[in-house]
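Participant: As input, take start06.txt (compact mmCIF, C-alpha atoms):
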# COMPACT_ATOMS: atom_id res chain seq x y z
CA MET A 118 300.50 93.74 56.63
CA ARG A 119 304.08 92.55 57.10
CA SER A 120 305.59 91.92 60.50
CA ALA A 121 308.65 93.98 61.30
CA THR A 122 310.31 90.83 62.60
CA ALA A 123 309.71 88.62 59.56
CA ASP A 124 310.99 88.79 56.01
CA PRO A 125 307.80 88.64 53.92
CA LEU A 126 309.53 86.65 51.21
CA ALA A 127 311.64 84.41 53.41
CA ASP A 128 309.78 81.35 52.13
CA ARG A 129 307.27 80.64 49.43
CA SER A 130 304.34 80.61 51.86
CA THR A 131 304.46 84.40 51.65
CA THR A 132 303.17 84.40 48.05
CA VAL A 133 301.05 87.43 47.24
CA SER A 134 297.70 87.69 49.06
CA LEU A 135 295.48 88.69 46.18
CA LEU A 136 292.44 88.48 48.39
CA THR A 137 293.30 92.05 49.38
CA ALA A 138 293.99 93.29 45.89
CA THR A 139 290.70 95.15 45.50
CA ALA A 140 291.41 97.26 48.57
CA ALA A 141 294.96 97.95 47.44
CA LEU A 142 293.72 99.20 44.07
CA HIS A 143 292.36 102.29 45.77
CA ALA A 144 295.71 103.19 47.28
CA ASP A 145 298.14 101.80 44.68
CA VAL A 146 300.20 100.18 47.44
CA GLN A 147 302.67 97.80 45.84
CA VAL A 148 306.00 96.37 46.86
CA TYR A 149 308.39 94.64 44.46
CA ARG A 150 311.11 92.32 45.60
CA ASN A 151 312.93 89.37 44.08
CA GLY A 152 310.69 89.65 41.03
CA CYS A 153 307.56 88.93 43.09
CA GLU A 154 304.77 91.46 43.40
CA VAL A 155 303.36 91.76 46.89
CA VAL A 156 300.03 93.56 47.15
CA GLU A 157 299.62 95.12 50.58
CA ARG A 158 296.24 95.74 52.20
CA ALA A 159 295.63 99.49 52.14
CA MET A 160 293.45 99.65 55.22
CA SER A 161 295.72 98.34 57.94
CA LYS A 162 298.97 96.67 58.91
CA ALA A 163 297.22 94.79 61.69
CA ASN A 164 298.26 91.24 62.54
CA ILE A 165 297.71 88.66 65.24
CA SER A 166 300.18 90.37 67.57
CA HIS A 167 297.64 93.18 67.94
CA SER A 168 295.06 90.79 69.41
CA ARG A 169 294.21 91.29 73.07
CA CYS A 170 291.72 88.45 73.46
CA VAL A 171 291.45 85.46 71.13
CA LEU A 172 288.62 82.92 70.97
CA VAL A 173 289.63 79.57 69.45
CA ILE A 174 286.63 77.49 68.41
CA GLY A 175 287.73 73.86 68.47
CA ALA A 176 290.85 73.98 70.59
CA THR A 177 290.95 70.58 72.25
CA ALA A 178 293.05 68.85 69.58
CA GLY A 179 295.14 69.28 66.46
CA ILE A 180 295.46 72.60 64.69
CA GLY A 181 293.18 74.51 67.05
CA ARG A 182 295.06 73.37 70.14
CA ASP A 183 298.49 74.14 68.75
CA LEU A 184 297.46 77.56 67.44
CA ALA A 185 295.88 78.41 70.80
CA ILE A 186 299.16 77.61 72.58
CA ALA A 187 301.28 79.47 70.01
CA ILE A 188 299.10 82.58 70.25
CA HIS A 189 299.05 82.39 74.05
CA ASP A 190 302.87 82.38 74.01
CA LEU A 191 303.20 85.51 71.87
CA PRO A 192 305.15 88.39 73.48
CA SER A 193 301.94 90.46 73.31
CA LYS A 194 300.46 88.07 75.94
CA PRO A 195 296.84 87.90 74.80
CA THR A 196 294.09 86.15 76.73
CA VAL A 197 293.09 82.97 74.85
CA ILE A 198 289.62 81.44 75.27
CA VAL A 199 289.60 77.78 74.25
CA THR A 200 286.42 75.92 73.36
CA GLY A 201 285.48 72.34 72.71
CA ARG A 202 283.18 69.57 73.89
CA ARG A 203 285.72 67.65 75.98
CA GLN A 204 285.98 69.26 79.40
CA ASP A 205 288.98 67.18 80.46
CA ARG A 206 291.03 68.54 77.56
CA LEU A 207 289.92 72.10 78.24
CA ASP A 208 290.98 71.66 81.86
CA GLU A 209 294.36 70.30 80.80
CA LEU A 210 294.96 73.23 78.46
CA THR A 211 293.90 75.97 80.84
CA GLY A 212 295.74 74.37 83.75
CA ALA A 213 299.01 74.55 81.85
CA HIS A 214 298.66 78.09 80.46
CA GLU A 215 298.01 81.04 82.74
CA ARG A 216 296.09 83.27 80.32
CA MET A 217 293.88 80.54 78.87
CA ARG A 218 290.20 80.40 79.77
CA PRO A 219 287.85 77.46 79.07
CA ALA A 220 284.42 77.66 77.44
CA ARG A 221 282.67 74.41 76.69
CA PHE A 222 280.80 74.65 73.40
CA ASP A 223 279.21 72.32 70.84
CA MET A 224 278.98 73.54 67.24
CA THR A 225 275.90 71.36 66.68
CA ALA A 226 273.93 72.66 69.68
CA GLY A 227 271.58 74.76 67.55
CA ARG A 228 271.01 78.43 66.81
CA ALA A 229 269.59 79.36 70.23
CA ALA A 230 272.59 77.83 72.02
CA ILE A 231 275.01 79.55 69.65
CA LYS A 232 273.33 82.90 70.27
CA GLN A 233 273.52 82.41 74.04
CA PHE A 234 277.16 81.37 73.79
CA VAL A 235 278.07 84.55 71.90
CA GLU A 236 276.18 86.75 74.35
CA ASP A 237 277.93 85.11 77.30
CA ILE A 238 281.40 85.31 75.73
CA VAL A 239 281.12 88.96 74.72
CA LYS A 240 279.80 89.88 78.17
CA ALA A 241 282.57 87.96 79.96
CA TYR A 242 285.34 89.10 77.59
CA PRO A 243 284.56 92.58 76.23
CA GLU A 244 288.15 92.80 74.94
CA LEU A 245 287.52 89.88 72.55
CA ASP A 246 288.88 90.91 69.16
CA THR A 247 289.89 87.70 67.39
CA VAL A 248 288.02 84.49 66.57
CA ILE A 249 289.70 81.43 65.05
CA PHE A 250 287.42 78.74 63.65
CA SER A 251 289.22 75.41 63.90
CA ALA A 252 286.33 73.06 64.73
CA GLY A 253 285.71 70.56 61.96
CA ILE A 254 284.75 66.98 61.18
CA GLN A 255 285.25 64.77 58.15
CA HIS A 256 283.30 61.75 56.91
CA ILE A 257 283.62 59.39 53.96
CA PHE A 258 280.54 59.09 51.72
CA ASN A 259 280.16 56.66 48.81
CA PHE A 260 277.52 57.96 46.41
CA GLN A 261 277.67 54.71 44.45
CA LYS A 262 275.92 53.28 47.49
CA PRO A 263 273.43 56.02 48.35
CA GLU A 264 271.45 53.68 50.59
CA GLU A 265 274.41 53.64 52.96
CA ILE A 266 274.67 57.42 53.26
CA ASP A 267 273.44 58.72 56.61
CA LEU A 268 271.93 62.12 55.86
CA ASP A 269 272.02 63.06 59.54
CA ILE A 270 275.80 62.63 59.56
CA LEU A 271 276.10 64.53 56.29
CA GLU A 272 274.04 67.41 57.72
CA THR A 273 276.08 67.43 60.93
CA GLU A 274 279.25 67.79 58.87
CA LEU A 275 277.72 70.73 57.00
CA THR A 276 276.58 72.32 60.27
CA THR A 277 279.93 71.93 62.00
CA ASN A 278 282.14 72.97 59.10
CA TYR A 279 280.06 75.77 57.63
CA THR A 280 276.60 76.75 58.87
CA SER A 281 277.47 77.17 62.55
CA ILE A 282 280.62 79.10 61.69
CA VAL A 283 278.62 81.55 59.59
CA SER A 284 276.08 81.86 62.43
CA LEU A 285 278.87 82.65 64.90
CA ILE A 286 280.34 85.25 62.58
CA VAL A 287 276.96 86.94 62.10
CA LEU A 288 276.39 87.08 65.86
CA LEU A 289 279.93 88.26 66.67
CA LEU A 290 280.12 90.96 64.01
CA PRO A 291 278.18 93.65 65.94
CA HIS A 292 280.80 93.43 68.67
CA LEU A 293 283.72 93.40 66.22
CA LEU A 294 282.30 96.30 64.20
CA LYS A 295 281.91 98.26 67.42
CA LEU A 296 285.61 97.74 68.09
CA SER A 297 286.29 98.85 64.52
CA LYS A 298 284.51 102.15 65.09
CA GLU A 299 286.69 102.64 68.16
CA GLY A 300 289.76 102.26 65.96
CA ARG A 301 290.70 98.78 67.14
CA PRO A 302 291.58 96.01 64.69
CA SER A 303 289.86 92.65 64.97
CA PHE A 304 290.26 89.35 63.16
CA ILE A 305 288.03 86.60 61.81
CA VAL A 306 290.19 83.56 61.03
CA PRO A 307 288.46 80.63 59.31
CA ILE A 308 290.55 77.51 58.81
CA THR A 309 289.55 75.88 55.53
CA SER A 310 291.49 73.22 53.61
CA ASN A 311 293.43 72.45 50.48
CA LEU A 312 290.50 70.12 49.74
CA GLY A 313 288.29 73.18 49.45
CA LEU A 314 290.43 74.30 46.51
CA PHE A 315 291.11 70.87 44.99
CA PRO A 316 288.46 68.34 46.09
CA ARG A 317 288.96 64.63 46.69
CA GLY A 318 286.14 62.24 45.84
CA LEU A 319 286.43 60.17 49.01
CA VAL A 320 285.17 63.01 51.23
CA PRO A 321 282.85 65.01 48.95
CA ASN A 322 280.78 66.75 51.61
CA TYR A 323 283.86 67.81 53.57
CA CYS A 324 285.40 69.27 50.42
CA ALA A 325 282.17 71.13 49.67
CA THR A 326 281.96 72.64 53.17
CA LYS A 327 285.55 73.87 52.96
CA ALA A 328 285.00 75.27 49.47
CA ALA A 329 281.93 77.09 50.77
CA MET A 330 283.86 78.56 53.69
CA HIS A 331 286.69 79.63 51.38
CA SER A 332 284.23 81.42 49.10
CA PHE A 333 282.47 82.97 52.09
CA ALA A 334 285.79 84.26 53.47
CA LEU A 335 286.55 86.00 50.16
CA SER A 336 283.13 87.65 50.02
CA LEU A 337 283.20 88.57 53.71
CA ASP A 338 286.58 90.24 53.35
CA ASN A 339 285.24 92.19 50.37
CA GLN A 340 282.20 93.41 52.32
CA LEU A 341 284.31 94.43 55.31
CA GLN A 342 286.66 96.65 53.31
CA GLY A 343 286.76 100.07 54.94
CA THR A 344 286.50 98.63 58.45
CA ASN A 345 289.09 97.41 60.93
CA VAL A 346 287.66 93.88 60.82
CA ASN A 347 290.19 91.67 59.02
CA VAL A 348 289.53 88.24 57.53
CA MET A 349 292.59 85.97 57.54
CA GLU A 350 291.93 82.54 56.03
CA ILE A 351 294.31 79.69 56.87
CA ILE A 352 294.40 76.98 54.19
CA PRO A 353 296.10 73.82 55.51
CA PRO A 354 297.31 70.80 53.57
CA LEU A 355 296.87 67.34 55.09
CA VAL A 356 298.13 67.93 58.64
CA GLU A 357 298.87 65.59 61.53
CA SER A 358 295.63 65.37 63.56
CA GLU A 359 292.91 63.15 65.03
CA LEU A 360 290.57 63.99 62.16
CA HIS A 361 290.96 60.59 60.52
CA ASP A 362 290.95 58.38 63.62
CA HIS A 363 287.31 57.34 63.25
CA GLN A 364 287.96 56.43 59.60
CA GLY A 365 290.73 54.00 60.52
CA SER A 366 293.09 55.75 58.09
CA THR A 367 295.42 57.56 60.49
CA ALA A 368 298.34 55.17 59.96
CA ARG A 369 298.15 55.59 56.19
CA MET A 370 297.63 59.36 56.33
CA SER A 371 300.60 59.78 58.67
CA GLN A 372 302.89 58.81 55.78
CA PHE A 373 301.86 61.94 53.88
CA TRP A 374 300.75 64.59 56.34
CA MET A 375 302.65 67.69 57.40
CA PRO A 376 303.80 67.49 61.03
CA LEU A 377 301.60 69.65 63.24
CA THR A 378 304.52 71.65 64.65
CA GLU A 379 305.73 72.56 61.17
CA PHE A 380 302.27 73.59 60.08
CA THR A 381 301.70 75.71 63.19
CA GLN A 382 304.98 77.54 62.66
CA LYS A 383 304.10 78.42 59.06
CA ALA A 384 300.52 79.39 59.92
CA MET A 385 301.77 81.65 62.71
CA GLU A 386 304.23 83.31 60.33
CA GLY A 387 301.30 84.23 58.10
CA LEU A 388 299.19 85.47 61.02
CA LEU A 389 302.08 87.61 62.24
CA ARG A 390 302.51 89.11 58.79
CA GLY A 391 298.78 89.82 58.65
CA ASP A 392 298.31 87.85 55.41
CA MET A 393 294.69 87.72 54.32
CA GLN A 394 295.17 84.22 52.92
CA ILE A 395 297.63 81.77 54.41
CA PRO A 396 298.02 78.65 52.25
CA VAL A 397 300.57 76.24 53.71
CA GLY A 398 302.57 73.42 52.14
CA VAL A 399 300.93 71.79 49.12
CA ALA A 400 297.95 74.10 49.66
CA LEU A 401 300.22 76.92 48.51
CA ASP A 402 300.90 75.03 45.28
CA THR A 403 297.17 74.55 44.74
CA TRP A 404 296.43 78.18 45.62
CA THR A 405 299.09 79.48 43.24
CA LYS A 406 297.84 77.32 40.35
CA PHE A 407 294.09 77.78 40.74
CA GLU A 408 293.24 80.64 43.11
CA LYS A 409 295.87 83.20 42.20
CA PRO A 410 294.75 83.50 38.53
CA LYS A 411 291.11 83.74 39.64
CA LEU A 412 291.81 86.47 42.16
CA GLU A 413 293.97 88.31 39.64
CA ALA A 414 291.00 88.28 37.26
CA VAL A 415 288.72 89.61 40.01
CA ALA A 416 291.21 92.36 40.83
CA ASP A 417 291.53 93.25 37.14
CA GLN A 418 287.75 93.46 36.83
CA ALA A 419 287.60 95.75 39.87
CA ARG A 420 290.40 97.89 38.41
CA LYS A 421 288.46 98.31 35.18
CA ALA A 422 285.27 99.15 37.06
CA ILE A 423 287.09 101.86 39.04
CA HIS A 424 288.61 103.24 35.83
CA ASN A 425 285.20 103.37 34.11
CA THR A 426 283.70 105.40 36.96
CA LYS A 427 286.35 108.11 36.71
The structure in this file should be written as C-alpha cells.
Facilitator:
Amino acid sequence: MRSATADPLADRSTTVSLLTATAALHADVQVYRNGCEVVERAMSKANISHSRCVLVIGATAGIGRDLAIAIHDLPSKPTVIVTGRRQDRLDELTGAHERMRPARFDMTAGRAAIKQFVEDIVKAYPELDTVIFSAGIQHIFNFQKPEEIDLDILETELTTNYTSIVSLIVLLLPHLLKLSKEGRPSFIVPITSNLGLFPRGLVPNYCATKAAMHSFALSLDNQLQGTNVNVMEIIPPLVESELHDHQGSTARMSQFWMPLTEFTQKAMEGLLRGDMQIPVGVALDTWTKFEKPKLEAVADQARKAIHNTK
C-alpha cells in the first residue's frame, strides 16, 4: 500500500493501519522498520493515484474542496466530479480546474433522489472508481434542556452524516464491484472525525454519527476483503472550516484547529500510500491510544480463528 515516492514512516501519521490486519494474516505480509511494525494489505497496493474518476460528495467548502483540488492536481490527472448544494461555488471550482465537473446534489433529498443521482452519475461517468464522502453538518444539542432540542435538525444531521452516505455506498457498490471483477481498483473514502473516536458532550449527535461511520467503515472493509474495492477512512482532528460558522464559535475554534492546507497535505500523503485508515494530527494520538489496541485484539482473534480451522 505504500507509495514509491513517499517514505511510509516519514512522520507519525503513517502509524500501522491495523484495519487491514485481518487480510494480511492470510499472506503474512509484514515490514519492520525503526522498531515499528507495518502491516501491509495483502490484496493490493492500490492508492489514490490509480483513480481515473473521483466523485467528491460535499466539495464546495473546507476539506472536500481542498481534497478535490489536490486530487485534480495529481500527475495521474483524474477527472474530479464535485458535488454540493451551492451552484455558484460549483461553478467557481469547475471554472478554475479543467478536469472538474459539477453535479449539484443534496444529501437530504431522500432515497429516490439519491438513487436517481447515482444512476445519472454512473451513466455519465462510467470510469468512476473513487468516491470521497466529505459532506457533513454539526449541531449543538443540550440534553439538559430537551424541550429545546429540534428533532428535525437532529434527524437531518444523522441523515447527512451517516444514513445518506450508507445509501450512496449501497447504490454505488454494484458499479464498483463490476470494476473489481475487471481487475480495476476502486476506493470508498469516508471522512469521519476524531470526535467519532473520542466524543465531546457539546455535539453528541455529531459524535455519534461519526462513530457510526467509523464502525461501518471497519465492517465494510472486512466484507470487501477479496475484492479490489478499497475502503480508506480519513479521520481528521479539528480542522479549519466553515462547519462552526452557524454556531458562532469559529473565532474560538480557530485558536485550536489545524490549518486546512496542513491537513490536506497529510491526508493526501495517506491516500497516496493507500492507507486504510488515515488519522491526522491529534486524531492519530486518539487512534493510537484507543483504536490500535482494539484492532490488534480483533486481528489476534482472527489469527486464532484461522489457526483453529487448520
Participant: From the options A:Ser303, A:Gln382, A:Asn425, A:Thr309, which residue's atoms come nearest to Asp246 (chain A), counting all atoms listed in the file?
Facilitator: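 Once distances to Asp246 (chain A) are computed over all atoms listed in the file, the minimum belongs to A:Ser303.
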Participant: With distances taken over all atoms listed in the file, which residue among A:Lys262, A:His331, A:Arg228, A:Lys298 lies nearest Gly313 (chain A)?
Facilitator: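 Looking at the shortest contact to Gly313 (chain A), the residue is A:His331.
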Participant: Which is closer to Phe380 (chain A) than all the others in A:Leu337, A:Val239, A:Ile254, A:Val399, using all atoms listed in the file?
Facilitator: A:Val399
Participant: Here is a test: counting only C-alpha atoms, which residue of A:Leu288, A:Leu207, A:Ala328, A:Met217 is nearest to Glu236 (chain A)?
Facilitator: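 Looking only at the distances to Glu236 (chain A), the closest residue turns out to be A:Leu288.
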Participant: Show me, as a short mmCIF file (atom, residue, chain, number, x, y, z; two decimals) with C-alpha atoms, keeping the file's coordinate frame, the residues that have an atom within 10 Å of Ile186 (chain A) when counting all atoms listed in the file, minus same-chain residues fewer than 6 positions from it.
Facilitator:
data_model
loop_
_atom_site.label_atom_id
_atom_site.label_comp_id
_atom_site.auth_asym_id
_atom_site.auth_seq_id
_atom_site.Cartn_x
_atom_site.Cartn_y
_atom_site.Cartn_z
CA ALA A 176 290.85 73.98 70.59
CA VAL A 197 293.09 82.97 74.85
CA VAL A 199 289.60 77.78 74.25
CA LEU A 210 294.96 73.23 78.46
CA THR A 211 293.90 75.97 80.84
CA ALA A 213 299.01 74.55 81.85
CA HIS A 214 298.66 78.09 80.46
CA MET A 217 293.88 80.54 78.87
CA THR A 381 301.70 75.71 63.19
#
Participant: With 8 Å on each side, where is the centre of the axis-aligned box around all listed atoms of region 411-423 of chain A, and how long are its edges in Å to one decimal, as JSON?
Facilitator:
{"center_x": 289.6, "center_y": 92.8, "center_z": 38.7, "size_x": 24.7, "size_y": 34.1, "size_z": 23.0}
Participant: Taking into account only C-alpha atoms, which residue in the set A:Thr200, A:Thr405, A:Gln418, A:Thr280 is nearest to Arg182 (chain A)?
Facilitator: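 Closest to Arg182 (chain A) of all the choices is A:Thr200.
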Participant: How many Å lie between CA of Met375 (chain A) and CA of Glu357 (chain A), rounded to one decimal?
Facilitator: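 Distance between the two atoms: 6.0 Å.
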Participant: How far is it from CA of Pro353 (chain A) to CA of Ala384 (chain A), in Å with one decimal?
Facilitator: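 According to the coordinates, CA of Pro353 (chain A) and CA of Ala384 (chain A) are separated by 8.4 Å.
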Participant: In Å, how far is it from CA of Gly179 (chain A) to CA of Asp402 (chain A)?
Facilitator: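 Separating CA of Gly179 (chain A) from CA of Asp402 (chain A) is a distance of 22.7 Å.
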